[in-house]
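This is my_file-v4.cif (mmCIF, C-alpha atoms).
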data_model
loop_
_atom_site.label_atom_id
_atom_site.label_comp_id
_atom_site.auth_asym_id
_atom_site.auth_seq_id
_atom_site.Cartn_x
_atom_site.Cartn_y
_atom_site.Cartn_z
CA MET A 1 0.00 0.00 0.00
CA GLN A 2 1.25 3.45 -0.88
CA PHE A 3 0.12 6.84 0.37
CA GLU A 4 1.29 10.18 -0.97
CA TYR A 5 0.90 13.61 0.66
CA ASN A 6 1.84 17.04 -0.65
CA ILE A 7 3.55 19.31 1.88
CA GLU A 8 3.25 23.08 1.60
CA ALA A 9 6.24 25.24 2.49
CA GLY A 10 5.71 27.60 5.42
CA ASN A 11 2.18 26.46 6.26
CA PHE A 12 2.39 25.60 9.96
CA THR A 13 -1.36 25.26 10.30
CA LYS A 14 -1.21 22.17 8.12
CA ALA A 15 2.16 20.86 9.33
CA GLY A 16 1.50 17.41 10.72
CA ASP A 17 -1.60 16.66 8.65
CA ALA A 18 0.23 13.98 6.64
CA SER A 19 1.64 12.37 9.80
CA SER A 20 -1.79 12.45 11.43
CA ASN A 21 -3.38 10.84 8.39
CA PHE A 22 -0.72 8.13 8.15
CA LYS A 23 -1.03 7.41 11.88
CA LYS A 24 -4.73 6.66 11.35
CA VAL A 25 -3.80 4.27 8.52
CA LEU A 26 -1.28 2.43 10.73
CA LYS A 27 -3.85 2.12 13.52
CA GLN A 28 -6.36 0.65 11.08
CA LEU A 29 -3.71 -1.86 10.03
CA ASN A 30 -3.29 -2.87 13.70
CA VAL A 31 0.41 -2.02 13.80
CA ASP A 32 1.89 -2.22 17.31
CA PRO A 33 1.27 1.17 19.05
CA GLN A 34 4.93 1.52 20.12
CA ILE A 35 6.06 1.01 16.53
CA ILE A 36 3.40 3.45 15.29
CA LYS A 37 4.79 6.03 17.68
CA ARG A 38 8.34 5.60 16.38
CA ILE A 39 7.12 5.87 12.78
CA VAL A 40 4.98 8.95 13.26
CA VAL A 41 7.46 10.84 15.46
CA SER A 42 10.09 10.36 12.78
CA LEU A 43 7.66 11.24 9.99
CA TYR A 44 6.32 14.29 11.82
CA GLU A 45 9.80 15.72 12.43
CA GLY A 46 10.51 15.24 8.73
CA GLU A 47 7.23 16.82 7.71
CA VAL A 48 7.91 19.85 9.92
CA ASN A 49 11.37 20.11 8.35
CA ILE A 50 9.83 20.32 4.85
CA VAL A 51 7.39 23.00 6.04
CA ALA A 52 10.08 24.92 7.90
CA HIS A 53 13.10 24.70 5.63
CA SER A 54 12.11 23.79 2.08
CA TYR A 55 10.29 25.25 -0.92
CA GLY A 56 7.71 22.48 -0.53
CA GLY A 57 7.64 18.80 -1.25
CA LYS A 58 5.88 15.51 -0.76
CA VAL A 59 5.85 12.46 1.47
CA ILE A 60 5.46 8.96 0.08
CA CYS A 61 4.66 6.24 2.62
CA GLU A 62 4.68 2.56 1.73
CA VAL A 63 3.54 -0.22 4.04
CA ASN A 64 4.07 -3.94 3.64
CA PRO A 65 3.84 -6.71 6.24
CA LYS A 66 7.55 -6.38 7.07
CA LYS A 67 8.27 -2.67 7.11
CA VAL A 68 7.21 0.91 6.62
CA TRP A 69 9.23 2.81 4.02
CA ILE A 70 8.88 6.60 3.95
CA ARG A 71 10.44 9.06 1.54
CA LEU A 72 10.32 12.81 2.23
CA ILE A 73 11.23 14.66 -0.94
CA ASP A 74 11.55 18.42 -1.24
CA THR A 75 12.47 20.82 -4.01
CA GLY A 76 15.20 22.76 -2.27
CA PRO A 77 17.20 24.62 -1.18
CA GLY A 78 19.16 21.53 -0.06
CA ILE A 79 21.42 20.91 2.95
CA PRO A 80 25.03 22.11 2.47
CA ASP A 81 26.50 19.98 5.29
CA ILE A 82 24.46 16.90 6.26
CA GLU A 83 26.92 15.83 8.97
CA LYS A 84 26.54 19.19 10.67
CA ALA A 85 22.74 19.10 10.27
CA MET A 86 22.69 15.73 12.07
CA GLN A 87 24.39 17.19 15.16
CA ALA A 88 21.97 17.68 18.07
CA GLY A 89 21.56 21.39 18.69
CA TYR A 90 22.60 22.59 15.23
CA SER A 91 19.84 24.60 13.59
CA THR A 92 19.26 27.10 10.80
CA ALA A 93 15.60 27.62 11.75
CA SER A 94 13.90 30.99 11.45
CA PRO A 95 12.31 32.78 14.44
CA LYS A 96 8.87 31.73 13.06
CA VAL A 97 9.87 28.07 13.23
CA ARG A 98 11.09 28.53 16.80
CA GLU A 99 7.79 30.18 17.74
CA MET A 100 6.08 26.96 16.69
CA GLY A 101 8.16 24.96 19.18
CA PHE A 102 10.74 23.60 16.75
CA GLY A 103 14.11 24.68 15.41
CA ALA A 104 16.37 23.65 18.29
CA GLY A 105 18.37 21.21 16.21
CA MET A 106 16.57 18.12 17.48
CA GLY A 107 14.62 17.12 14.36
CA LEU A 108 17.09 14.97 12.47
CA PRO A 109 18.51 13.35 15.67
CA ASN A 110 14.94 12.51 16.75
CA MET A 111 14.28 10.99 13.33
CA LYS A 112 17.43 8.89 13.55
CA ASN A 113 16.56 7.68 17.06
CA ASN A 114 13.14 6.45 15.95
CA ALA A 115 14.02 4.94 12.58
CA ASP A 116 15.69 1.59 11.95
CA ILE A 117 17.30 3.12 8.87
CA LEU A 118 17.63 6.82 8.05
CA ASN A 119 19.25 7.98 4.82
CA ILE A 120 19.62 11.56 3.68
CA LYS A 121 20.60 12.69 0.19
CA SER A 122 20.80 16.38 -0.56
CA GLU A 123 22.05 18.65 -3.28
CA VAL A 124 22.24 22.39 -2.77
CA GLY A 125 19.95 24.14 -5.22
CA LYS A 126 18.04 20.96 -6.05
CA GLY A 127 16.56 19.50 -2.88
CA THR A 128 16.67 16.85 -0.22
CA GLU A 129 15.39 13.29 -0.01
CA VAL A 130 15.10 11.64 3.37
CA GLU A 131 14.39 7.93 3.60
CA ILE A 132 13.01 6.38 6.77
CA ILE A 133 12.60 2.65 7.24
CA VAL A 134 10.98 1.13 10.31
CA ASN A 135 10.67 -2.64 10.60
CA LEU A 136 7.31 -3.92 11.76
CA ASN A 137 8.55 -7.13 13.39
CA MET B 1 -3.40 10.90 41.58
CA THR B 2 -6.04 11.86 39.05
CA LEU B 3 -5.95 14.71 36.55
CA ASN B 4 -8.82 16.19 38.52
CA ASP B 5 -6.64 16.27 41.68
CA ILE B 6 -3.98 18.07 39.66
CA ALA B 7 -6.49 20.56 38.30
CA HIS B 8 -7.47 21.42 41.88
CA MET B 9 -3.83 21.82 42.97
CA LEU B 10 -3.10 24.15 40.08
CA ASN B 11 -6.41 26.00 40.25
CA ALA B 12 -6.69 25.00 36.59
CA LYS B 13 -9.79 24.78 34.44
CA ALA B 14 -10.55 21.92 32.05
CA ILE B 15 -11.67 23.18 28.67
CA CYS B 16 -12.33 19.96 26.79
CA CYS B 17 -12.49 16.17 27.13
CA GLU B 18 -13.43 16.51 30.81
CA GLU B 19 -14.14 12.77 31.00
CA LYS B 20 -10.36 12.29 31.15
CA LEU B 21 -10.15 14.16 34.46
CA GLU B 22 -10.57 10.76 36.12
CA HIS B 23 -7.38 9.45 34.47
CA ASP B 24 -4.46 8.62 36.73
CA ILE B 25 -1.37 10.79 36.22
CA ASN B 26 1.98 9.43 37.40
CA ALA B 27 4.46 11.72 35.71
CA ALA B 28 4.81 15.08 34.03
CA PHE B 29 7.03 16.68 31.43
CA ALA B 30 7.43 20.44 31.00
CA SER B 31 8.65 22.06 27.81
CA ASP B 32 7.89 24.68 25.19
CA LEU B 33 10.10 22.82 22.76
CA MET B 34 8.08 20.26 20.84
CA SER B 35 11.08 18.25 19.66
CA ASP B 36 11.85 17.62 23.34
CA VAL B 37 8.29 16.41 23.88
CA LEU B 38 8.72 14.04 20.93
CA THR B 39 11.51 12.24 22.83
CA ILE B 40 9.07 10.88 25.44
CA HIS B 41 9.01 7.09 25.18
CA ASP B 42 6.20 6.11 27.52
CA SER B 43 3.48 8.73 27.58
CA THR B 44 0.86 6.66 29.43
CA HIS B 45 -0.42 8.59 32.47
CA VAL B 46 1.76 11.58 31.54
CA LEU B 47 0.82 15.24 31.79
CA LEU B 48 2.44 17.73 29.40
CA ILE B 49 3.05 21.16 30.92
CA THR B 50 3.63 23.88 28.33
CA GLY B 51 3.17 27.55 27.61
CA LEU B 52 3.21 26.99 23.86
CA VAL B 53 -0.30 27.34 22.52
CA ASN B 54 -0.64 26.51 18.85
CA VAL B 55 -1.81 23.68 16.62
CA GLN B 56 1.65 22.09 16.67
CA THR B 57 1.34 21.55 20.42
CA ILE B 58 -1.71 19.40 19.75
CA ARG B 59 -0.09 17.65 16.78
CA THR B 60 2.95 16.89 18.94
CA ALA B 61 0.72 15.44 21.67
CA GLU B 62 -1.05 13.35 19.03
CA MET B 63 2.21 11.91 17.69
CA SER B 64 3.50 11.28 21.23
CA ASP B 65 0.23 9.66 22.42
CA ILE B 66 -0.13 12.29 25.15
CA GLN B 67 -3.72 12.68 26.31
CA HIS B 68 -3.38 15.45 28.90
CA ILE B 69 -1.98 18.99 28.54
CA VAL B 70 -1.92 21.91 30.96
CA PHE B 71 -1.25 25.32 29.42
CA VAL B 72 0.51 27.56 31.92
CA ARG B 73 1.19 31.34 32.17
CA ASN B 74 -2.51 32.11 31.69
CA LYS B 75 -2.38 31.26 28.01
CA LYS B 76 -5.79 31.04 26.35
CA VAL B 77 -6.58 28.29 23.92
CA SER B 78 -8.30 29.15 20.63
CA SER B 79 -11.49 27.46 19.46
CA GLU B 80 -9.52 25.91 16.57
CA ILE B 81 -7.16 24.21 19.01
CA ILE B 82 -10.02 23.07 21.23
CA ALA B 83 -11.80 21.52 18.24
CA MET B 84 -8.63 19.68 17.25
CA ALA B 85 -8.05 18.42 20.79
CA LYS B 86 -11.66 17.23 21.08
CA GLU B 87 -11.34 15.28 17.85
CA LEU B 88 -8.18 13.61 19.14
CA GLY B 89 -9.49 13.07 22.69
CA ILE B 90 -6.84 15.22 24.36
CA CYS B 91 -7.88 16.85 27.64
CA LEU B 92 -6.75 20.50 27.88
CA LEU B 93 -6.37 22.50 31.08
CA GLU B 94 -5.72 26.25 31.41
CA CYS B 95 -3.71 27.44 34.41
CA GLU B 96 -2.70 30.94 35.51
CA TYR B 97 0.49 29.82 37.24
CA SER B 98 3.96 30.06 35.70
CA MET B 99 5.66 26.93 34.43
CA TYR B 100 8.09 27.02 37.37
CA ARG B 101 5.32 27.27 39.95
CA THR B 102 3.28 24.55 38.22
CA CYS B 103 6.25 22.19 38.15
CA GLY B 104 7.08 23.00 41.78
CA ILE B 105 3.57 22.19 42.99
CA LEU B 106 3.41 18.93 41.09
CA PHE B 107 6.92 17.84 42.11
CA CYS B 108 6.11 18.51 45.80
CA ASN B 109 3.01 16.34 45.39
CA GLN B 110 4.88 13.29 44.11
CA VAL B 111 4.17 13.68 40.41
CA ALA B 112 7.35 12.14 39.02
CA PRO B 113 9.61 13.69 36.40
CA LEU B 114 10.11 11.67 33.22
CA TYR B 115 13.85 12.05 32.95
#
Represent the structure from my file as structure tokens, please.
Amino acid sequence: MQFEYNIEAGNFTKAGDASSNFKKVLKQLNVDPQIIKRIVVSLYEGEVNIVAHSYGGKVICEVNPKKVWIRLIDTGPGIPDIEKAMQAGYSTASPKVREMGFGAGMGLPNMKNNADILNIKSEVGKGTEVEIIVNLN
Amino acid sequence: MTLNDIAHMLNAKAICCEEKLEHDINAAFASDLMSDVLTIHDSTHVLLITGLVNVQTIRTAEMSDIQHIVFVRNKKVSSEIIAMAKELGICLLECEYSMYRTCGILFCNQVAPLY
């Protein structure tokens, strides 16, 4: 099963709608609640990152009996230094993002802590693709 | 201790999902930083104390499976946020006390910290 959600840049009213929707799907599929939590925390942090830092993008979520595979794809501006971005506490967030309770440099570390596999590919000027895999067993 | 006991201690008012006032609360976590809230592993019987009032507070509670929030510093919750919390079954309390005072009262009454 595959689910796709468009994510609007800068729209904090809708940030989290995709994660909320996908959480409902996982509940309907009777996925273990602790695993659901890991999936949606990771997805939500990624969704907020697209809203906060990108020009917009989409989330593609695939579920099979063994795993959940999520791709968060945005259209830029890209991450110049992924290693630095992964450091807890490092942030380039705007004051608006901080007002919403994010932007303290915890997003990517939180995603990594909740995913079984986290891959990030980014090219400055083109965009970023984040892959999250969580095993269901 | 129930959420209702806590509401009395904090002179706080429940503004939605009042049926959850009978829930037991064992621990609390205070933060205005939602990424910190998202680190909570076991949110059963947990109360979130925050002064951050926006839709992302509710979304964060939803993702973290938190069912009880007290908004401190006399922050008022909008009808949009109340509607969202009702839909998700999250009980919201409003409290005039500061975050420090709220935490102090709960800590002195054996509500455990999470970390």
Requested in this report: Please identify every residue of chain A that has at least one atom no more than 9 Å from any atom of chain B, counting only C-alpha atoms, and report them as a list in words.
Outcome: Phe12, Thr13, Lys14, Ala15, Gly16, Asp17, Ser19, Ser20, Lys23, Gln34, Ile36, Lys37, Arg38, Val40, Val41, Tyr44, Glu45, Arg98, Glu99, Met100, Gly101, Phe102, Gly103, Ala104, Gly105, Met106, Gly107, Asn110 and Asn113 of chain A
Query raised in the report: Written as a ChimeraX atom specification, what is the full residue list that the PyMOL selection byres ((chain B and resi 70) around 6) yields on the file shown?
Result: /B:49,69,71,92-94
Residue contacts of Pro65 (chain A) (12 Å, all atoms listed in the file) excluding same-chain residues fewer than 4 positions away, as a PDB file with C-alpha atoms, keeping the file's coordinate frame:
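The result, stored in selection.pdb:
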ATOM      1  CA  MET A   1       0.000   0.000   0.000  1.00  0.00           C
ATOM      2  CA  LEU A  26      -1.280   2.430  10.730  1.00  0.00           C
ATOM      3  CA  LEU A  29      -3.710  -1.860  10.030  1.00  0.00           C
ATOM      4  CA  ASN A  30      -3.290  -2.870  13.700  1.00  0.00           C
ATOM      5  CA  VAL A  31       0.410  -2.020  13.800  1.00  0.00           C
ATOM      6  CA  TRP A  69       9.230   2.810   4.020  1.00  0.00           C
ATOM      7  CA  VAL A 134      10.980   1.130  10.310  1.00  0.00           C
ATOM      8  CA  ASN A 135      10.670  -2.640  10.600  1.00  0.00           C
ATOM      9  CA  LEU A 136       7.310  -3.920  11.760  1.00  0.00           C
ATOM     10  CA  ASN A 137       8.550  -7.130  13.390  1.00  0.00           C
TER      11      ASN A 137
END
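One finds CA of Met1 (chain B) at 5.5 Å from CA of Asp24 (chain B).
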Query raised in the report: Hey, what comes out of the PyMOL selection byres ((chain A and resi 80) around 6) on this file? Could you write it as a ChimeraX atom specification?
Result: /A:79,81,124
Let me see the file: selected residues, C-alpha atoms, as a PDB file, keeping the file's coordinate frame.
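Okay, part18.pdb is ready:
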ATOM      1  CA  ILE A  79      21.420  20.910   2.950  1.00  0.00           C
ATOM      2  CA  ASP A  81      26.500  19.980   5.290  1.00  0.00           C
ATOM      3  CA  VAL A 124      22.240  22.390  -2.770  1.00  0.00           C
TER       4      VAL A 124
END
Requested in this report: Name the residues captured by the PyMOL selection byres ((chain A and resi 116) around 6) when it is applied to the shown file; answer as a ChimeraX atom specification.
Outcome: /A:115,117,133-134
Query - Test item: which residues lie within 9 Å of (2.5, 16.7, 41.9) counting all atoms listed in the file, as a PyMOL selection string - result: chain B and resi 1+6+9+26-28+102-112
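Shown here are all protein and nucleic acid residues lying within 12 Å of (-8.6, 12.4, 44.1), with all atoms listed in the file considered: Met1, Thr2, Leu3, Asn4, Asp5, Ile6, Ala7, His8, Met9, Leu21, Glu22, His23, Asp24 and Ile25 of chain B.
Excluding Gln87 (chain A) itself and any same-chain residue fewer than 2 positions from it, the protein and nucleic acid residues within 10 Å of it, counting all atoms listed in the file, are Ile82, Glu83, Lys84, Ala85, Gly89, Tyr90, Ser91, Gly105, Met106, Gly107, Leu108 and Pro109 of chain A.
If you look at CA of Lys66 (chain A) and CA of Leu118 (chain A), they are 16.6 Å away from each other.
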Query raised in the report: Using all atoms listed in the file, which of A:Pro33, A:Pro95, A:Gly125, A:Gly10 sits nearest Asn49 (chain A)?
Result: A:Gly10
**Report entry** Two-atom distance - CA of Lys24 (chain A), CA of Met86 (chain A) (Å)
**Finding:** 28.9 Å
**Report entry** Distance query Val59 (chain A) at most 9 Å, only C-alpha atoms, self and fewer than 3 positions along chain excluded, as an MDAnalysis selection string
**Finding:** chainID A and resid 3:7 18 43 47 70:74
Grab all the atoms of region 29-47 of chain B that the file lists, wrap them in a box along x, y and z, add 6 Å per side, and give me centre plus edge lengths in Å (one decimal) as JSON.
{"center_x": 5.7, "center_y": 15.4, "center_z": 26.1, "size_x": 24.3, "size_y": 30.6, "size_z": 24.8}
As an mmCIF file, in the coordinates of the input, please: region 95-106 of chain B completed to all heavy atoms.
data_model
loop_
_atom_site.group_PDB
_atom_site.id
_atom_site.type_symbol
_atom_site.label_atom_id
_atom_site.label_comp_id
_atom_site.auth_asym_id
_atom_site.auth_seq_id
_atom_site.Cartn_x
_atom_site.Cartn_y
_atom_site.Cartn_z
ATOM 1 N N CYS B 95 -4.189 27.157 33.049
ATOM 2 C CA CYS B 95 -3.710 27.440 34.410
ATOM 3 C C CYS B 95 -3.034 28.816 34.413
ATOM 4 O O CYS B 95 -2.287 29.147 33.482
ATOM 5 C CB CYS B 95 -2.721 26.335 34.796
ATOM 6 S SG CYS B 95 -1.804 26.654 36.284
ATOM 7 N N GLU B 96 -3.278 29.591 35.460
ATOM 8 C CA GLU B 96 -2.700 30.940 35.510
ATOM 9 C C GLU B 96 -1.254 30.927 36.007
ATOM 10 O O GLU B 96 -0.531 31.898 35.839
ATOM 11 C CB GLU B 96 -3.545 31.823 36.434
ATOM 12 C CG GLU B 96 -4.921 32.119 35.875
ATOM 13 C CD GLU B 96 -5.698 33.084 36.743
ATOM 14 O OE1 GLU B 96 -5.173 33.528 37.780
ATOM 15 O OE2 GLU B 96 -6.858 33.377 36.380
ATOM 16 N N TYR B 97 -0.839 29.843 36.631
ATOM 17 C CA TYR B 97 0.490 29.820 37.240
ATOM 18 C C TYR B 97 1.591 29.754 36.179
ATOM 19 O O TYR B 97 1.376 29.300 35.057
ATOM 20 C CB TYR B 97 0.643 28.608 38.161
ATOM 21 C CG TYR B 97 -0.318 28.565 39.330
ATOM 22 C CD1 TYR B 97 -0.519 27.388 40.040
ATOM 23 C CD2 TYR B 97 -1.029 29.697 39.739
ATOM 24 C CE1 TYR B 97 -1.393 27.335 41.120
ATOM 25 C CE2 TYR B 97 -1.908 29.646 40.802
ATOM 26 C CZ TYR B 97 -2.088 28.460 41.489
ATOM 27 O OH TYR B 97 -2.955 28.409 42.548
ATOM 28 N N SER B 98 2.796 30.172 36.582
ATOM 29 C CA SER B 98 3.960 30.060 35.700
ATOM 30 C C SER B 98 4.345 28.587 35.567
ATOM 31 O O SER B 98 3.917 27.731 36.359
ATOM 32 C CB SER B 98 5.134 30.828 36.284
ATOM 33 O OG SER B 98 5.571 30.180 37.466
ATOM 34 N N MET B 99 5.198 28.312 34.599
ATOM 35 C CA MET B 99 5.660 26.930 34.430
ATOM 36 C C MET B 99 6.443 26.472 35.670
ATOM 37 O O MET B 99 6.269 25.353 36.150
ATOM 38 C CB MET B 99 6.511 26.796 33.176
ATOM 39 C CG MET B 99 6.915 25.359 32.895
ATOM 40 S SD MET B 99 7.910 25.180 31.424
ATOM 41 C CE MET B 99 6.680 25.189 30.153
ATOM 42 N N TYR B 100 7.274 27.360 36.196
ATOM 43 C CA TYR B 100 8.090 27.020 37.370
ATOM 44 C C TYR B 100 7.206 26.674 38.565
ATOM 45 O O TYR B 100 7.421 25.663 39.239
ATOM 46 C CB TYR B 100 9.010 28.212 37.684
ATOM 47 C CG TYR B 100 9.929 27.992 38.848
ATOM 48 C CD1 TYR B 100 10.962 27.069 38.777
ATOM 49 C CD2 TYR B 100 9.769 28.720 40.036
ATOM 50 C CE1 TYR B 100 11.814 26.867 39.851
ATOM 51 C CE2 TYR B 100 10.617 28.523 41.107
ATOM 52 C CZ TYR B 100 11.639 27.605 41.011
ATOM 53 O OH TYR B 100 12.483 27.410 42.072
ATOM 54 N N ARG B 101 6.218 27.522 38.812
ATOM 55 C CA ARG B 101 5.320 27.270 39.950
ATOM 56 C C ARG B 101 4.522 25.976 39.747
ATOM 57 O O ARG B 101 4.368 25.173 40.666
ATOM 58 C CB ARG B 101 4.359 28.463 40.107
ATOM 59 C CG ARG B 101 3.468 28.361 41.320
ATOM 60 C CD ARG B 101 2.667 29.640 41.500
ATOM 61 N NE ARG B 101 1.757 29.508 42.630
ATOM 62 C CZ ARG B 101 0.879 30.435 42.988
ATOM 63 N NH1 ARG B 101 0.802 31.566 42.324
ATOM 64 N NH2 ARG B 101 0.093 30.236 44.018
ATOM 65 N N THR B 102 4.046 25.772 38.536
ATOM 66 C CA THR B 102 3.280 24.550 38.220
ATOM 67 C C THR B 102 4.131 23.310 38.479
ATOM 68 O O THR B 102 3.683 22.366 39.152
ATOM 69 C CB THR B 102 2.842 24.592 36.732
ATOM 70 O OG1 THR B 102 2.039 25.753 36.542
ATOM 71 C CG2 THR B 102 2.065 23.357 36.354
ATOM 72 N N CYS B 103 5.360 23.340 37.963
ATOM 73 C CA CYS B 103 6.250 22.190 38.150
ATOM 74 C C CYS B 103 6.547 21.979 39.634
ATOM 75 O O CYS B 103 6.581 20.844 40.120
ATOM 76 C CB CYS B 103 7.563 22.393 37.398
ATOM 77 S SG CYS B 103 7.364 22.417 35.621
ATOM 78 N N GLY B 104 6.769 23.087 40.348
ATOM 79 C CA GLY B 104 7.080 23.000 41.780
ATOM 80 C C GLY B 104 5.952 22.342 42.564
ATOM 81 O O GLY B 104 6.193 21.453 43.390
ATOM 82 N N ILE B 105 4.735 22.763 42.290
ATOM 83 C CA ILE B 105 3.570 22.190 42.990
ATOM 84 C C ILE B 105 3.456 20.697 42.706
ATOM 85 O O ILE B 105 3.284 19.881 43.615
ATOM 86 C CB ILE B 105 2.277 22.936 42.579
ATOM 87 C CG1 ILE B 105 2.286 24.363 43.133
ATOM 88 C CG2 ILE B 105 1.033 22.178 43.057
ATOM 89 C CD1 ILE B 105 1.192 25.254 42.558
ATOM 90 N N LEU B 106 3.576 20.342 41.445
ATOM 91 C CA LEU B 106 3.410 18.930 41.090
ATOM 92 C C LEU B 106 4.558 18.077 41.649
ATOM 93 O O LEU B 106 4.335 16.969 42.145
ATOM 94 C CB LEU B 106 3.303 18.765 39.566
ATOM 95 C CG LEU B 106 2.084 19.435 38.921
ATOM 96 C CD1 LEU B 106 2.029 19.126 37.433
ATOM 97 C CD2 LEU B 106 0.783 19.005 39.594
#
